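**Q** Okay, here's the structure, questions in a sec.
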Amino acid sequence: MAAILICLAFMAFAAGTGAGSSGELTADYYGDSCPQALATIKFVVGAAILKEPRMGASLVRLHFHDCFVNGCDGSVLLDDTDGMVGEKTAKANNMSVRGFGVIDAIKAAVDTACLGTVVSCADILALAARDSIVALGGSSYEVPLGRRDGTTASKDAADASIPNPFMDLPELLATFHAQGLTLRDLVVLSGAHTLGYSRCVFYRSRLYNETSTLDPAYAASLDEQCSRDGGEEDQEALAALDDTPTTMDTEYYAGLMNGHALLHTDQQLYNGDGGKSDGMVRYYAENQDKFWEDFGKAMVKLGNLSPLTGDEGEVREYCRVVNSQE
Ligand code: HEM
Ligand SMILES: *[C@@H]1O[C@H](CO)[C@@H](O)[C@H](O)[C@H]1NC(C)=O
Ligand SMILES: *[C@@H]1O[C@H](CO)[C@@H](O)[C@H](O)[C@H]1NC(C)=O
C-alpha cells in the first residue's frame, strides 16, 4: 500500500511539474494522473444539487470569492488557525458563503477515486462551479486545470478585494479592473446572479427607499419577510436574485430592465441611460446562447487569475487545512 501511494505521489508530482511549471493551466492536466477525477466531481456536484438546488449557486460563488483574493488558490476554504485569520469571516463571506461540506465530500470522493491526493482544492472549486452551471441548465465549457493550493488565507485581503452590494458602478468596476477584468466581464459574470439568493440585509435598503428603482409590486412582495426594522430573523430572510433562481437563463438581465434587480449593484449595470453596460444587459437579455458562451469564457478568465502552478504551493490533503509539515 505504501509503495502504491509513493508511486502515485510520484505520478502526481510528475504531472504537476511536467505540465505546469511555466504557469500554464491545461484542460487535460489530470488525464494521466487521475482520469476518473472529472467524472467523480461531476457526480458529487450533481447529487448535492439534487438534494438542494441552491447548492449550485453556492458553489459558483465560492469559486468567485476564491479567485478574487490572491488568485484561485483555494484560500477561501481554509479555516482560521491560531496564527491566521482566514477569509471565512471576511465581510462578504461571514454567515454568507456556503458549500464547504460539499467541497469536503468532493475532495474525499476524488481522493478515493484517484487513490491519493492528486486533485487540488482550487481545481475542485473551478470544476464544481462549471458542473453546477451545467447541472442548472447552462452550457458547458472546458476548465483549464493544474492550480495548486495556497498555504495562507487573508481576511484583510478578502475585505479589500471582494465587491460589496452597496457600491456604485465606478467602484464596482474598479474591483474588477484590479483583477485585470473588464466592464464586459463584470456584466457577464454578474449574470451568475441568475442563480441563488440574497439575505434581507443586502436588499432591505432598496425596499424602503422612495427613489429606489424597484418595481413597486415586486418590492411589496418582499416587504413582509424583510421589514424595515426587522430583527435578526428578518435579516436572514432570503429572496431570489432573479425570478428563476435555479435556472441558468437570462431572467437576471430581463429583471434589470424591469425593476426586479434585487441588489443595488445589479441595478447599477442597467440604469436606462443607454450607457455601455445598458447595451450589454439588453444584448444578453435577448441572446441566451451568447450569454452562455460569453459566461463560459469569462469563467475561464476568472479561473485563470494568478493560479499557483508547478511546484508553487501544494495539493492539500484536506481543503480546510494546509498540509502538516512532517
Ligand atoms: C459584481 C459584484 C458582486 C457583488 C456586489 C455580489 C454580491 C452578492 C451578494 C450580496 C449576494 C448575497 C449573499 C448573501 O445573502 O449572503 C450574492 C450572492 C451570489 N453571488 Fe454575487 N456578487 C457579485 C458578483 C458575483 C459574481 C462575479 C459571481 C459568480 C461568477 C457571483 C455569484 C453569486 C451567486 C451564485 C450568489 C447566490 C449564492 C447562494 O445562493 O448561495 N456574484 N452576491
Ligand atoms: C460573523 O457573524 C457572526 C454572526 O452574525 C458575528 O457574531 C461575528 O461577529 C461576525 N464576525 C465578523 C468577523 O464579522
Ligand atoms: C435611495 O436610493 C437612491 C437612488 O438609488 C440613493 O441615491 C440613496 O442613497 C438611497 N437612500 C438610502 C437611504 O438608501
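Identifiers for the C-alpha cells are assigned positionally: chains receive A, B, ... in sequence, residues are indexed from 1 per chain, and ligands are indexed from 1 in the order shown.
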I'd like the contact shell of Asn258 of chain A - 12 Å cut-off, only C-alpha atoms, skipping same-chain residues fewer than 2 positions apart - returned as a PyMOL selection string.

**A** chain A and resi 213-218+242-243+251-256+260-262+267+270-272+281-282+285

**Q** How close does chain A get to ligand 2? List, as a Markdown table, each residue of chain A within 7 Å, its nearest atom pair and the distance in Å to one decimal, counting only C-alpha atoms and all ligand atoms.

**A**
```
| residue | atom | partner | partner_atom_place_in_ligand_line | distance |
| --- | --- | --- | --- | --- |
| A:Thr89 | CA | ligand 2 | 13 (C) | 4.8 |
| A:Ala90 | CA | ligand 2 | 13 (C) | 6.2 |
| A:Lys91 | CA | ligand 2 | 14 (O) | 6.2 |
| A:Asn94 | CA | ligand 2 | 1 (C) | 4.9 |
| A:Met95 | CA | ligand 2 | 2 (O) | 5.7 |
```

**Q** Please build the interface table for chain A against ligand 3 with a cut-off of 12 Å, listing for each qualifying residue the nearest atom pair and the distance in Å to one decimal; count only C-alpha atoms and all ligand atoms, order rows by chain and increasing number, and write it as CSV.

**A**
```
residue,atom,partner,partner_atom_place_in_ligand_line,distance
A:Pro165,CA,ligand 3,14 (O),11.9
A:Phe166,CA,ligand 3,14 (O),8.9
A:Met167,CA,ligand 3,9 (O),10.6
A:Asp168,CA,ligand 3,5 (O),9.3
A:Leu169,CA,ligand 3,5 (O),11.7
A:Phe202,CA,ligand 3,14 (O),10.9
A:Tyr203,CA,ligand 3,14 (O),9.8
A:Arg204,CA,ligand 3,14 (O),8.8
A:Ser205,CA,ligand 3,14 (O),5.0
A:Arg206,CA,ligand 3,14 (O),6.4
A:Leu207,CA,ligand 3,14 (O),9.1
A:Tyr208,CA,ligand 3,14 (O),7.8
A:Asn209,CA,ligand 3,1 (C),4.8
A:Glu210,CA,ligand 3,1 (C),6.6
A:Thr211,CA,ligand 3,2 (O),4.9
A:Ser212,CA,ligand 3,2 (O),4.7
A:Thr213,CA,ligand 3,5 (O),6.7
A:Leu214,CA,ligand 3,5 (O),9.4
A:Arg228,CA,ligand 3,13 (C),11.5
A:Gly259,CA,ligand 3,5 (O),12.0
A:Ala261,CA,ligand 3,5 (O),11.8
A:Leu263,CA,ligand 3,5 (O),10.6
A:His264,CA,ligand 3,5 (O),7.4
A:Thr265,CA,ligand 3,5 (O),10.1
A:Asp266,CA,ligand 3,5 (O),11.6
A:Gln267,CA,ligand 3,5 (O),8.9
A:Gln268,CA,ligand 3,5 (O),8.9
A:Asn271,CA,ligand 3,5 (O),9.9
```

**Q** Atom CA of Asp289 of chain A and atom CA of Val187 of chain A are how many Å apart?

**A**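 Between these atoms lies a distance of 15.5 Å.
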
**Q** For ligand 1, which residue among A:Asn70, A:Ser227, A:Thr247, A:Asn323 is the nearest when counting only C-alpha atoms and all ligand atoms?

**A**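 So, comparing all the options, the nearest one is A:Thr247.
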
**Q** Between atom 21 (Fe, counted along the ligand's line) of ligand 1 and atom CA of Gly74 of chain A, what is the distance in Å, rounded to a tenth?

**A** 17.9 Å

**Q** Neighbours of Val85 of chain A within 10 Å (only C-alpha atoms; same-chain residues fewer than 5 positions away dropped), as a VMD selection string?

**A** chain A and resid 78 to 80 90 152 to 156

**Q** Those selected residues, please, written with C-alpha atoms and delivered as a compact mmCIF listing (two decimals), in the first residue's frame.

**A**
```
# COMPACT_ATOMS: atom_id res chain seq x y z
CA LEU A 78 -9.01 27.44 4.85
CA ASP A 79 -10.27 27.52 8.42
CA ASP A 80 -8.79 30.06 10.84
CA ALA A 90 -14.49 38.48 5.88
CA THR A 152 -2.29 31.02 3.56
CA ALA A 153 -5.54 32.95 3.52
CA SER A 154 -6.28 36.53 4.48
CA LYS A 155 -9.40 38.17 5.86
CA ASP A 156 -7.93 41.61 5.17
```
